[in-house]
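See below for run-v9.csv, which holds CSV, C-alpha atoms and all ligand atoms.
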chain,number,residue,atom,x,y,z
C,26,MET,CA,-23.5,0.8,-14.3
C,27,SER,CA,-23.5,-1.1,-11.1
C,28,LEU,CA,-22.3,-0.8,-7.5
C,29,ASN,CA,-19.5,-3.1,-8.4
C,30,ASP,CA,-18.3,-0.7,-11.1
C,31,ALA,CA,-18.3,2.1,-8.5
C,32,LEU,CA,-16.5,-0.1,-5.9
C,33,THR,CA,-13.9,-1.0,-8.5
C,34,ALA,CA,-13.3,2.6,-9.4
C,35,TYR,CA,-13.0,3.4,-5.7
C,36,ALA,CA,-10.6,0.5,-5.1
C,37,GLN,CA,-8.5,1.9,-8.0
C,38,GLY,CA,-8.4,5.3,-6.4
C,39,ASN,CA,-10.6,6.9,-9.0
C,40,HIS,CA,-12.9,8.7,-6.5
C,41,ALA,CA,-14.6,11.1,-8.8
C,42,GLN,CA,-15.6,8.3,-11.1
C,43,ALA,CA,-16.7,6.1,-8.1
C,44,TYR,CA,-18.8,9.0,-6.8
C,45,ARG,CA,-20.6,9.5,-10.2
C,46,LEU,CA,-21.3,5.7,-10.5
C,47,ALA,CA,-22.5,5.4,-6.9
C,48,GLN,CA,-24.8,8.4,-7.5
C,49,ALA,CA,-26.2,6.8,-10.6
C,50,VAL,CA,-26.9,3.6,-8.7
C,51,THR,CA,-28.8,5.4,-5.9
C,52,GLU,CA,-30.9,7.2,-8.6
C,53,ALA,CA,-31.9,3.8,-10.1
C,54,GLU,CA,-32.2,2.0,-6.8
C,55,PRO,CA,-33.0,4.6,-4.1
C,56,ASN,CA,-32.8,1.9,-1.3
C,57,ASN,CA,-29.4,0.5,-2.2
C,58,GLU,CA,-27.8,0.8,1.2
C,59,ASN,CA,-24.3,0.0,0.1
C,60,ALA,CA,-24.3,2.5,-2.7
C,61,TRP,CA,-25.3,5.2,-0.1
C,62,VAL,CA,-22.5,4.0,2.2
C,63,LEU,CA,-20.0,4.5,-0.6
C,64,LEU,CA,-21.4,8.0,-1.3
C,65,LEU,CA,-21.0,8.7,2.5
C,66,THR,CA,-17.3,7.9,2.2
C,67,LEU,CA,-16.9,10.0,-1.0
C,68,ALA,CA,-19.0,13.0,-0.3
C,69,GLU,CA,-16.9,16.2,0.1
C,70,THR,CA,-19.0,18.5,2.3
C,71,ASP,CA,-20.2,17.8,5.8
C,72,ALA,CA,-23.7,19.0,4.9
C,73,GLU,CA,-23.9,16.4,2.2
C,74,LYS,CA,-22.4,13.7,4.4
C,75,ALA,CA,-25.0,14.5,7.2
C,76,GLU,CA,-27.8,14.2,4.7
C,77,ILE,CA,-26.5,10.9,3.3
C,78,ALA,CA,-26.1,9.5,6.8
C,79,GLU,CA,-29.8,10.4,7.6
C,80,ARG,CA,-30.9,8.7,4.3
C,81,ILE,CA,-28.9,5.5,5.1
C,82,LEU,CA,-30.5,5.3,8.6
C,83,GLN,CA,-34.0,5.6,7.0
C,84,ILE,CA,-33.1,2.4,5.0
C,85,ASN,CA,-31.4,0.7,7.9
C,86,PRO,CA,-31.5,2.2,11.4
C,87,GLN,CA,-28.6,0.0,12.4
C,88,ASN,CA,-26.2,0.9,9.6
C,89,PRO,CA,-22.8,1.1,11.4
C,90,ALA,CA,-21.2,3.5,8.9
C,91,ALA,CA,-24.0,6.0,9.3
C,92,LEU,CA,-24.2,5.6,13.0
C,93,GLN,CA,-20.4,6.0,13.3
C,94,TYR,CA,-20.6,9.2,11.2
C,95,GLN,CA,-23.3,10.7,13.4
C,96,VAL,CA,-21.4,9.8,16.6
C,97,LYS,CA,-18.2,11.3,15.3
C,98,HIS,CA,-19.9,14.5,14.4
C,99,GLY,CA,-21.8,14.9,17.6
C,100,GLN,CA,-25.2,14.3,15.9
C,101,ARG,CA,-25.8,11.2,18.0
C,102,ASP,CA,-25.4,10.7,21.8
C,103,LEU,CA,-22.9,8.0,22.4
C,104,SER,CA,-24.6,6.8,25.6
C,105,LYS,CA,-27.7,5.8,23.7
C,106,ASP,CA,-25.8,3.4,21.5
C,107,ALA,CA,-23.1,2.3,23.8
C,108,LYS,CA,-23.2,0.5,27.1
C,109,VAL,CA,-21.6,1.9,30.2
C,110,TYR,CA,-19.7,-0.2,32.7
C,111,GLU,CA,-17.8,0.3,36.0
C,112,MET,CA,-14.0,0.8,35.9
C,113,LEU,CA,-12.3,-1.2,38.7
C,114,TRP,CA,-9.8,-0.3,41.3
C,115,ASP,CA,-7.9,-2.1,44.1
C,116,CYS,CA,-7.7,-0.7,47.6
C,117,GLU,CA,-4.0,0.1,48.4
C,118,PHE,CA,-4.7,-0.1,52.2
C,119,CYS,CA,-6.6,-3.3,52.7
C,120,ALA,CA,-5.8,-4.9,49.4
C,121,SER,CA,-9.5,-5.4,48.5
C,122,PRO,CA,-9.5,-6.1,44.8
C,123,LYS,CA,-11.9,-5.2,42.0
C,124,LEU,CA,-13.8,-2.4,43.7
C,125,LEU,CA,-16.2,-0.4,41.5
C,126,GLY,CA,-15.0,2.9,40.0
C,127,LYS,CA,-18.4,4.7,40.1
C,128,THR,CA,-20.1,3.0,43.1
C,129,HIS,CA,-17.2,2.7,45.5
C,130,ARG,CA,-15.8,6.2,45.9
C,131,PHE,CA,-14.4,4.8,49.2
C,132,CYS,CA,-13.2,1.3,50.0
C,133,PRO,CA,-16.2,-0.5,51.4
C,134,HIS,CA,-13.9,-2.5,53.7
C,135,CYS,CA,-11.6,0.1,55.2
C,136,GLY,CA,-13.0,3.4,54.1
C,137,ALA,CA,-9.8,4.6,52.2
C,138,PRO,CA,-10.5,7.0,49.3
C,139,GLN,CA,-10.4,5.6,45.8
C,140,ALA,CA,-7.1,6.1,43.9
C,141,ALA,CA,-8.7,7.4,40.8
C,142,ASP,CA,-5.4,7.2,38.8
C,143,LYS,CA,-5.2,3.5,39.4
C,144,ARG,CA,-8.5,2.5,37.8
C,145,TYR,CA,-8.4,-0.3,35.2
C,146,PHE,CA,-10.6,-2.0,32.7
C,147,PRO,CA,-12.2,-5.2,34.0
C,148,GLU,CA,-11.9,-8.7,32.6
C,149,GLU,CA,-14.9,-9.7,30.6
C,150,GLU,CA,-16.3,-11.8,33.5
C,151,ASP,CA,-16.0,-8.9,36.0
C,152,LYS,CA,-18.0,-6.4,33.9
C,153,ILE,CA,-20.7,-4.6,35.8
C,154,ALA,CA,-23.1,-2.4,33.8
C,155,VAL,CA,-24.1,1.0,35.0
C,156,GLN,CA,-27.8,1.7,34.5
C,157,ASP,CA,-29.1,5.2,33.4
C,158,HIS,CA,-25.6,6.7,33.8
C,159,GLN,CA,-25.4,10.4,33.8
C,160,TYR,CA,-22.1,11.8,32.6
C,161,PHE,CA,-20.8,15.0,34.0
C,162,GLY,CA,-17.3,14.8,32.5
C,163,ALA,CA,-14.2,13.3,33.9
C,164,ASP,CA,-13.6,13.5,37.7
C,165,LYS,CA,-11.8,16.5,39.1
C,166,LEU,CA,-8.8,16.0,41.4
C,167,CYS,CA,-8.9,18.1,44.6
C,168,PRO,CA,-5.8,20.4,44.5
C,169,ALA,CA,-5.6,20.2,48.3
C,170,CYS,CA,-6.0,16.5,49.2
C,171,GLY,CA,-5.9,14.7,45.8
C,172,THR,CA,-9.3,13.1,46.1
C,173,ALA,CA,-11.3,12.5,42.9
C,174,ASN,CA,-14.6,14.3,42.8
C,175,SER,CA,-17.5,14.1,40.4
C,176,GLY,CA,-17.2,16.5,37.5
C,177,GLN,CA,-20.3,18.4,38.7
C,178,ALA,CA,-18.9,19.0,42.2
C,179,ASP,CA,-17.8,22.5,43.2
C,180,PHE,CA,-16.1,21.6,46.5
C,181,CYS,CA,-14.1,18.6,47.6
C,182,GLN,CA,-16.3,16.1,49.4
C,183,GLN,CA,-13.3,15.0,51.4
C,184,CYS,CA,-11.7,18.2,52.6
C,185,GLY,CA,-14.1,21.0,51.4
C,186,SER,CA,-11.6,22.8,49.2
C,187,PRO,CA,-13.0,24.7,46.2
C,188,LEU,CA,-12.4,22.7,43.0
C,189,ASP,CA,-12.1,25.5,40.4
C,190,GLY,CA,-9.1,25.2,38.3
C,191,SER,CA,-8.5,21.6,39.4
C,192,LYS,CA,-7.0,19.0,37.1
C,193,GLN,CA,-9.0,16.1,35.7
C,194,VAL,CA,-8.1,12.5,36.6
C,195,GLU,CA,-5.8,10.7,34.2
C,196,GLN,CA,-7.8,8.5,31.9
C,197,ARG,CA,-6.7,5.1,30.6
C,198,GLY,CA,-6.0,4.8,26.9
C,199,ASP,CA,-8.7,3.2,24.7
C,200,GLN,CA,-8.9,-0.6,24.4
C,201,LEU,CA,-9.9,-2.4,21.3
C,202,ARG,CA,-11.1,-5.9,20.7
C,203,ALA,CA,-10.8,-6.7,17.0
C,204,SER,CA,-13.6,-8.7,15.4
C,205,GLY,CA,-13.0,-12.4,15.9
C,206,GLU,CA,-10.6,-11.9,18.8
C,207,SER,CA,-11.4,-12.7,22.4
C,208,ASP,CA,-9.2,-10.2,24.2
C,209,PHE,CA,-9.0,-6.5,24.5
C,210,ARG,CA,-5.7,-4.8,24.0
C,211,ALA,CA,-4.6,-1.3,24.8
C,212,LEU,CA,-4.4,0.8,21.6
C,213,ASP,CA,-1.2,2.6,22.7
C,214,GLU,CA,0.7,-0.7,23.1
C,215,PRO,CA,1.7,-2.8,20.1
C,216,ALA,CA,-0.2,-6.1,19.8
C,217,GLU,CA,2.7,-8.4,20.9
C,218,ASP,CA,5.4,-6.4,22.5
C,219,LYS,CA,8.3,-8.8,22.4
C,220,LYS,CA,7.7,-10.1,18.9
C,221,ALA,CA,7.4,-6.5,17.6
C,222,GLY,CA,10.7,-5.7,19.3
C,223,GLY,CA,12.3,-8.7,17.8
C,224,LYS,CA,11.1,-7.8,14.3
C,225,LYS,CA,12.3,-4.2,14.8
C,226,GLY,CA,15.8,-5.4,15.6
C,227,CYS,CA,15.7,-7.7,12.7
C,228,SER,CA,14.6,-5.0,10.3
C,229,TRP,CA,17.6,-2.9,11.4
C,230,ILE,CA,19.9,-5.7,10.4
C,231,VAL,CA,18.2,-6.1,7.0
C,232,LEU,CA,18.4,-2.3,6.5
C,233,ALA,CA,22.1,-2.3,7.4
C,234,VAL,CA,22.9,-5.2,5.1
C,235,PHE,CA,20.9,-3.5,2.4
C,236,ALA,CA,22.8,-0.2,2.9
C,237,LEU,CA,26.1,-2.1,2.8
C,238,ILE,CA,25.2,-3.8,-0.5
C,239,ILE,CA,24.1,-0.5,-2.1
C,240,GLY,CA,27.3,1.1,-0.8
C,241,SER,CA,29.5,-1.6,-2.3
C,242,ILE,CA,27.7,-1.4,-5.6
C,243,LEU,CA,28.2,2.4,-5.6
C,244,VAL,CA,32.0,1.9,-4.8
C,245,VAL,CA,32.3,-0.6,-7.6
C,246,MET,CA,30.4,1.7,-10.0
C,247,LEU,CA,32.0,5.0,-9.1
C,248,TRP,CA,35.5,4.3,-8.0
C,249,THR,CA,37.6,4.5,-11.2
C,250,LYS,CA,41.1,5.5,-12.2
C,251,GLU,CA,42.5,6.7,-15.5
C,252,ALA,CA,44.2,4.3,-17.8
C,253,SER,CA,45.5,4.3,-21.3
C,254,ALA,CA,44.8,1.9,-24.2
C,255,VAL,CA,45.8,1.2,-27.7
C,256,LEU,CA,43.3,0.5,-30.5
C,257,GLU,CA,44.0,-2.9,-32.0
C,258,ALA,CA,41.2,-3.6,-34.5
C,259,HIS,CA,37.8,-2.7,-35.9
C,260,GLN,CA,34.8,-5.0,-36.1
C,261,TRP,CA,31.3,-4.5,-37.6
C,262,THR,CA,28.0,-6.3,-37.9
C,263,ARG,CA,25.0,-5.4,-40.2
C,264,ILE,CA,21.7,-7.3,-40.0
C,265,ILE,CA,18.5,-7.1,-42.0
C,266,ASN,CA,15.5,-9.0,-40.6
C,267,VAL,CA,13.3,-10.7,-43.1
C,268,GLU,CA,9.6,-10.9,-42.5
C,269,ARG,CA,7.3,-13.5,-44.0
C,270,TYR,CA,3.5,-13.2,-44.6
C,271,GLY,CA,1.5,-16.2,-43.4
C,272,PRO,CA,-0.6,-17.7,-40.7
C,273,GLN,CA,0.3,-16.8,-37.1
C,274,SER,CA,-1.3,-18.0,-33.9
C,275,ASP,CA,-2.4,-15.4,-31.4
C,276,SER,CA,-4.9,-14.5,-28.8
C,277,GLU,CA,-6.9,-11.4,-27.8
C,278,TRP,CA,-9.9,-10.6,-25.7
C,279,CYS,CA,-12.8,-11.4,-28.1
C,280,ASP,CA,-14.0,-7.8,-28.0
C,281,SER,CA,-10.8,-6.9,-29.9
C,282,LEU,CA,-10.6,-9.9,-32.2
C,283,PRO,CA,-8.9,-8.9,-35.6
C,284,ARG,CA,-11.3,-9.0,-38.5
C,285,ASN,CA,-9.3,-11.4,-40.6
C,286,ALA,CA,-8.9,-13.9,-37.8
C,287,TYR,CA,-9.9,-17.5,-38.5
C,288,ASN,CA,-9.9,-20.9,-36.7
C,289,VAL,CA,-11.2,-19.0,-33.6
C,290,ASP,CA,-11.3,-20.9,-30.3
C,291,ARG,CA,-13.1,-19.3,-27.3
C,292,LYS,CA,-12.2,-19.8,-23.7
C,293,GLU,CA,-13.5,-18.2,-20.5
C,294,GLU,CA,-10.6,-16.6,-18.6
C,295,VAL,CA,-10.1,-14.2,-15.7
C,296,ARG,CA,-9.8,-10.7,-17.2
C,297,SER,CA,-9.7,-8.5,-14.1
C,298,HIS,CA,-10.8,-8.4,-10.5
C,299,ARG,CA,-13.4,-6.4,-8.7
C,300,GLN,CA,-14.0,-5.6,-5.0
C,301,VAL,CA,-17.2,-7.1,-3.7
C,302,PRO,CA,-18.7,-6.1,-0.3
C,303,ASP,CA,-18.2,-9.0,2.0
C,304,GLY,CA,-20.1,-8.1,5.1
C,305,GLU,CA,-19.0,-6.0,8.1
C,306,LYS,CA,-16.3,-6.4,10.6
C,307,CYS,CA,-17.0,-5.0,14.0
C,308,ASP,CA,-14.4,-4.1,16.6
C,309,THR,CA,-15.4,-3.3,20.2
C,310,ARG,CA,-13.9,-0.2,21.7
C,311,ARG,CA,-13.7,0.7,25.4
C,312,VAL,CA,-13.3,4.3,26.3
C,313,ASP,CA,-12.4,5.4,29.9
C,314,GLN,CA,-14.8,8.3,30.8
C,315,GLY,CA,-12.7,9.4,33.7
C,316,ASP,CA,-15.7,9.3,36.2
C,317,GLY,CA,-15.2,5.7,37.3
C,318,THR,CA,-17.0,4.3,34.2
C,319,TYR,CA,-16.2,3.4,30.7
C,320,VAL,CA,-18.3,3.0,27.5
C,321,GLU,CA,-18.1,0.0,25.3
C,322,ARG,CA,-19.2,0.5,21.7
C,323,GLN,CA,-19.1,-1.2,18.4
C,324,GLU,CA,-17.1,0.2,15.5
C,325,CYS,CA,-18.1,-1.4,12.3
C,326,HIS,CA,-16.8,-1.1,8.8
C,327,MET,CA,-17.5,-2.8,5.5
C,328,VAL,CA,-15.0,-5.3,4.3
C,329,TYR,CA,-14.4,-6.3,0.7
C,330,ARG,CA,-13.2,-9.3,-1.1
C,331,LYS,CA,-11.5,-9.6,-4.5
C,332,GLU,CA,-13.5,-11.5,-7.0
C,333,PRO,CA,-12.4,-12.5,-10.5
C,334,VAL,CA,-14.2,-11.1,-13.5
C,335,TYR,CA,-14.4,-13.5,-16.4
C,336,ASP,CA,-14.4,-12.7,-20.1
C,337,THR,CA,-14.1,-14.6,-23.4
C,338,ARG,CA,-10.6,-15.0,-24.7
C,339,CYS,CA,-10.2,-15.8,-28.4
C,340,TYR,CA,-7.4,-18.0,-29.7
C,341,PHE,CA,-7.1,-17.6,-33.4
C,342,THR,CA,-5.0,-17.8,-36.5
C,343,VAL,CA,-4.4,-14.7,-38.6
C,344,ASP,CA,-2.4,-14.0,-41.7
C,345,ARG,CA,0.1,-11.3,-41.0
C,346,TRP,CA,3.8,-10.3,-41.4
C,347,ALA,CA,6.1,-11.9,-38.8
C,348,TYR,CA,9.9,-12.2,-38.3
C,349,ALA,CA,11.2,-15.2,-40.3
C,350,ARG,CA,15.0,-15.0,-40.6
C,351,LYS,CA,17.9,-12.6,-40.6
C,352,LEU,CA,20.5,-11.8,-43.1
C,353,GLU,CA,23.9,-10.9,-41.6
C,354,THR,CA,27.2,-9.5,-42.7
C,355,LYS,CA,30.2,-9.0,-40.4
C,356,ALA,CA,33.9,-8.6,-40.6
C,357,ALA,CA,37.0,-7.4,-38.7
C,358,ASP,CA,37.8,-4.5,-41.1
C,359,LYS,CA,36.7,-1.0,-41.8
C,360,LYS,CA,34.5,-1.7,-44.9
C,361,PRO,CA,30.9,-2.4,-43.7
C,362,TYR,CA,28.2,-3.2,-46.2
C,363,TRP,CA,24.6,-4.4,-46.0
C,364,PRO,CA,23.8,-8.1,-46.8
C,365,LYS,CA,22.2,-8.8,-50.2
C,366,LEU,CA,18.4,-8.8,-49.9
C,367,ASP,CA,17.3,-12.1,-51.4
C,368,LEU,CA,13.6,-12.3,-50.8
C,369,VAL,CA,11.7,-15.5,-51.7
C,370,ARG,CA,8.7,-13.7,-53.3
C,371,GLU,CA,7.6,-10.1,-53.1
C,372,GLY,CA,4.1,-8.9,-52.6
C,373,THR,CA,1.5,-9.9,-50.1
C,374,CYS,CA,0.9,-13.7,-50.4
C,375,ASN,CA,1.3,-16.6,-48.1
C,376,GLY,CA,5.1,-17.2,-48.1
C,377,CYS,CA,5.9,-13.7,-49.5
C,378,GLU,CA,8.8,-11.9,-47.8
C,379,ARG,CA,9.8,-8.3,-47.1
C,380,ALA,CA,12.7,-6.5,-45.5
C,381,GLY,CA,12.1,-5.7,-41.8
C,382,GLU,CA,14.2,-3.9,-39.3
C,383,ARG,CA,17.9,-3.2,-39.9
C,384,ASN,CA,20.5,-3.3,-37.1
C,385,GLU,CA,24.1,-2.4,-37.2
C,386,SER,CA,26.9,-2.4,-34.6
C,387,TYR,CA,30.4,-1.1,-34.6
C,388,VAL,CA,33.0,-2.4,-32.1
C,389,LEU,CA,36.5,-1.3,-31.4
C,390,HIS,CA,39.0,-3.8,-29.9
C,391,PHE,CA,41.5,-2.2,-27.5
C,392,SER,CA,44.3,-3.4,-25.4
C,393,LEU,CA,44.6,-1.8,-21.9
C,394,HIS,CA,48.0,-1.0,-20.5
C,395,ASN,CA,47.7,-2.0,-16.9
C,396,GLY,CA,51.2,-2.0,-15.4
C,397,LYS,CA,53.0,-5.0,-16.9
C,398,GLU,CA,49.9,-6.7,-18.3
C,399,ASN,CA,47.9,-5.9,-21.4
C,400,THR,CA,44.3,-6.7,-21.1
C,401,PRO,CA,42.0,-6.8,-24.1
C,402,PHE,CA,38.5,-5.1,-24.0
C,403,THR,CA,35.9,-4.0,-26.5
C,404,CYS,CA,33.6,-1.0,-26.8
C,405,GLU,CA,30.6,-0.6,-29.1
C,406,VAL,CA,30.7,3.0,-30.4
C,407,PRO,CA,28.7,5.2,-32.8
C,408,PHE,CA,29.6,4.7,-36.5
C,409,GLU,CA,31.3,8.2,-36.8
C,410,GLN,CA,33.6,7.5,-33.9
C,411,TRP,CA,34.3,4.0,-35.2
C,412,ASP,CA,35.0,5.2,-38.7
C,413,ARG,CA,37.4,8.0,-37.5
C,414,ALA,CA,39.4,5.8,-35.2
C,415,GLN,CA,42.8,4.7,-36.4
C,416,VAL,CA,44.5,1.4,-35.6
C,417,ASN,CA,47.4,1.9,-33.1
C,418,SER,CA,46.0,5.2,-31.9
C,419,LYS,CA,46.3,5.9,-28.2
C,420,TRP,CA,43.3,6.5,-26.0
C,421,LYS,CA,42.6,7.3,-22.4
C,422,LEU,CA,39.7,6.1,-20.4
C,423,GLU,CA,38.4,5.4,-16.9
C,424,VAL,CA,38.5,1.8,-15.5
C,425,GLY,CA,37.0,0.5,-12.3
C,426,VAL,CA,39.5,0.2,-9.5
C,427,LEU,CA,38.0,-3.0,-8.0
C,428,MET,CA,36.9,-5.0,-11.1
C,429,GLY,CA,39.2,-3.3,-13.7
C,430,GLU,CA,36.4,-3.0,-16.2
C,431,ALA,CA,36.6,-0.4,-19.0
C,432,ARG,CA,34.2,2.5,-19.1
C,433,CYS,CA,33.5,2.9,-22.8
C,434,ASP,CA,31.7,6.2,-22.4
C,435,SER,CA,34.9,7.8,-21.0
C,436,LEU,CA,37.0,6.9,-24.2
C,437,GLN,CA,39.0,9.8,-25.4
C,438,LEU,CA,41.6,10.0,-28.2
C,439,GLN,CA,45.0,11.1,-26.7
R,501,ZN,ZN,-9.7,-0.9,51.7
R,502,ZN,ZN,-9.9,17.6,49.0
Whole structure given in structure tokens:
Amino acid sequence: MSLNDALTAYAQGNHAQAYRLAQAVTEAEPNNENAWVLLLTLAETDAEKAEIAERILQINPQNPAALQYQVKHGQRDLSKDAKVYEMLWDCEFCASPKLLGKTHRFCPHCGAPQAADKRYFPEEEDKIAVQDHQYFGADKLCPACGTANSGQADFCQQCGSPLDGSKQVEQRGDQLRASGESDFRALDEPAEDKKAGGKKGCSWIVLAVFALIIGSILVVMLWTKEASAVLEAHQWTRIINVERYGPQSDSEWCDSLPRNAYNVDRKEEVRSHRQVPDGEKCDTRRVDQGDGTYVERQECHMVYRKEPVYDTRCYFTVDRWAYARKLETKAADKKPYWPKLDLVREGTCNGCERAGERNESYVLHFSLHNGKENTPFTCEVPFEQWDRAQVNSKWKLEVGVLMGEARCDSLQLQ
């Protein structure tokens, strides 16, 4: 019982088992942070999850999974863990760039009101932090003059109109910077527009070609016509496999080594793989708050790597029955018989033989009347049908229109 077992069960989708194992780990090691994190993922009720998140933060107050859980469920104030920065805007009248969303409600150069719907996230080097930010919700747009007002205002500071029932400013979609990347990208746009478009076009072609191939296969398989054939001859084959007792080489995991194995050779080999926690990956998310500011926060999750699990493989010799040779009779007539069983020695000794599996097959040879030509074909059929069939009897059957192949399962005596 270890965390790895629990993680392996989790990776295999066996969540109930993973939960039991992780719980056992936390009982044995109450400060095993990763085991608690796994339990947080697997717990079913919110009450239990909340309790586990608390427990994790006692062990590590910075644990991202627990912090993230609490933020998501309103048990932690975002602004305490995240930093707040100014959104930027450009003045449309005097073209002053990079004005501050919260500080500059009006253009400091020409006095024009801020166009709240044109705010944008700054480049990393233009970031300006907002200290002790108080958030009153997204700005309200004055229904009379269109000016953005603070979420706590009751009247427009520009024209004095009452703001009840006013709409909120349009907020920018979230931006995300994946761990290890240098740039933020908008979450509602695909990572690389053009390439993604190209791939999409390409996948359509692949899909169309695939559909065409499937279609052709179906046509070849299903498009048939009726034809008539004459039975020309019978053919049969009967086989008895002979097994011999003696030394055989084989290998097994050593925990299931046969008792009578000898000359055992042991080697360490990869038997399975397990998921091992491999640190955390943290993305940075920017969320437009709609009041001229945005919050930037870390979103972390555990990543896992696959690690081989070694075990001992046994290579051994064991005395057992194994296929040695076959006895076969066949002829082109209607009188099948089994081959004579000539065993070297009977019993269970090295070199002793016994009869193994028996196989028999019965084939009918037809000639297909296809306009002027006569095409030969064969069908393997059950013994009863083979035995009843008379030479020179007439049959009808389906043949493929494109390839002209006979469908033996459609054979019917005329
Ligand atoms: Zn201006
Ligand atoms: Zn107004």
Do you know which residues are at most 9 Å from Arg130 of chain C counting only C-alpha atoms, after dropping those on the same chain fewer than 6 positions away, and could you put them as a PyMOL selection string?
-> chain C and resi 137-141+173-174+317
Once you count only C-alpha atoms and all ligand atoms, which residues end up within 10 Å of ligand ZN 501 (chain R), and could you hand them over as an mmCIF file with C-alpha atoms, in the frame of the given file?
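Resulting contents of out.cif:
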data_model
loop_
_atom_site.group_PDB
_atom_site.id
_atom_site.type_symbol
_atom_site.label_atom_id
_atom_site.label_comp_id
_atom_site.auth_asym_id
_atom_site.auth_seq_id
_atom_site.Cartn_x
_atom_site.Cartn_y
_atom_site.Cartn_z
ATOM 1 C CA ASP C 115 -7.900 -2.100 44.100
ATOM 2 C CA CYS C 116 -7.700 -0.700 47.600
ATOM 3 C CA GLU C 117 -4.000 0.100 48.400
ATOM 4 C CA PHE C 118 -4.700 -0.100 52.200
ATOM 5 C CA CYS C 119 -6.600 -3.300 52.700
ATOM 6 C CA ALA C 120 -5.800 -4.900 49.400
ATOM 7 C CA SER C 121 -9.500 -5.400 48.500
ATOM 8 C CA PRO C 122 -9.500 -6.100 44.800
ATOM 9 C CA LEU C 124 -13.800 -2.400 43.700
ATOM 10 C CA PHE C 131 -14.400 4.800 49.200
ATOM 11 C CA CYS C 132 -13.200 1.300 50.000
ATOM 12 C CA PRO C 133 -16.200 -0.500 51.400
ATOM 13 C CA HIS C 134 -13.900 -2.500 53.700
ATOM 14 C CA CYS C 135 -11.600 0.100 55.200
ATOM 15 C CA GLY C 136 -13.000 3.400 54.100
ATOM 16 C CA ALA C 137 -9.800 4.600 52.200
ATOM 17 C CA PRO C 138 -10.500 7.000 49.300
ATOM 18 C CA GLN C 139 -10.400 5.600 45.800
#
Selection near Tyr44 of chain C, 12 Å with all atoms listed in the file, sequence-local residues under 6 positions removed, as number ranges by chain | C: 27-28, 30-36, 38, 50-51, 60-69
For ligand ZN 502 (chain R), collect every residue having any atom at a distance of at most 7 Å from a ligand atom (counting only C-alpha atoms and all ligand atoms); output as a list in words.
->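 With only C-alpha atoms and all ligand atoms and a cut-off of 7 Å, ligand ZN 502 (chain R) is contacted by Cys167, Pro168, Ala169, Cys170, Gly171, Thr172, Cys181, Gln182, Gln183, Cys184, Gly185 and Ser186 of chain C.
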With all atoms listed in the file as the basis for distance, which of C:Ser274, C:Asp316, C:Leu427, C:Leu256 is at the shortest distance from Phe402 of chain C?
-> C:Leu256
For Glu353 of chain C, which residue out of C:Asp164, C:Glu321, C:Asp213, C:Glu385 is the nearest one, using all atoms listed in the file?
->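 Under the stated criterion, the closest residue is C:Glu385.
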Separating atom CA of Val416 of chain C from atom CA of Ala258 of chain C, to the nearest tenth of an Å, is a gap of 6.1 Å
In terms of the shortest atom-to-atom distance over only C-alpha atoms, which of C:Cys325, C:Val426, C:Leu282, C:Val312 is closest to Tyr145 of chain C?
-> C:Val312
Around (16.2, 1.1, -40.6) in the file's own coordinates, what residues are found within 12 Å if you use all atoms listed in the file, given back as a list in words?
->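 The residues near that point, listed by chain and number, are Arg263, Ile264, Ile265, Asn266, Trp363, Ala380, Gly381, Glu382, Arg383, Asn384 and Glu385 of chain C.
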C:His259, C:Lys152, C:Lys97, C:Arg144 ranked by distance to Ala356 of chain C, top pick (using all atoms listed in the file) =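 Between C:His259, C:Lys152, C:Lys97, C:Arg144, the residue approaching Ala356 of chain C most closely is C:His259.
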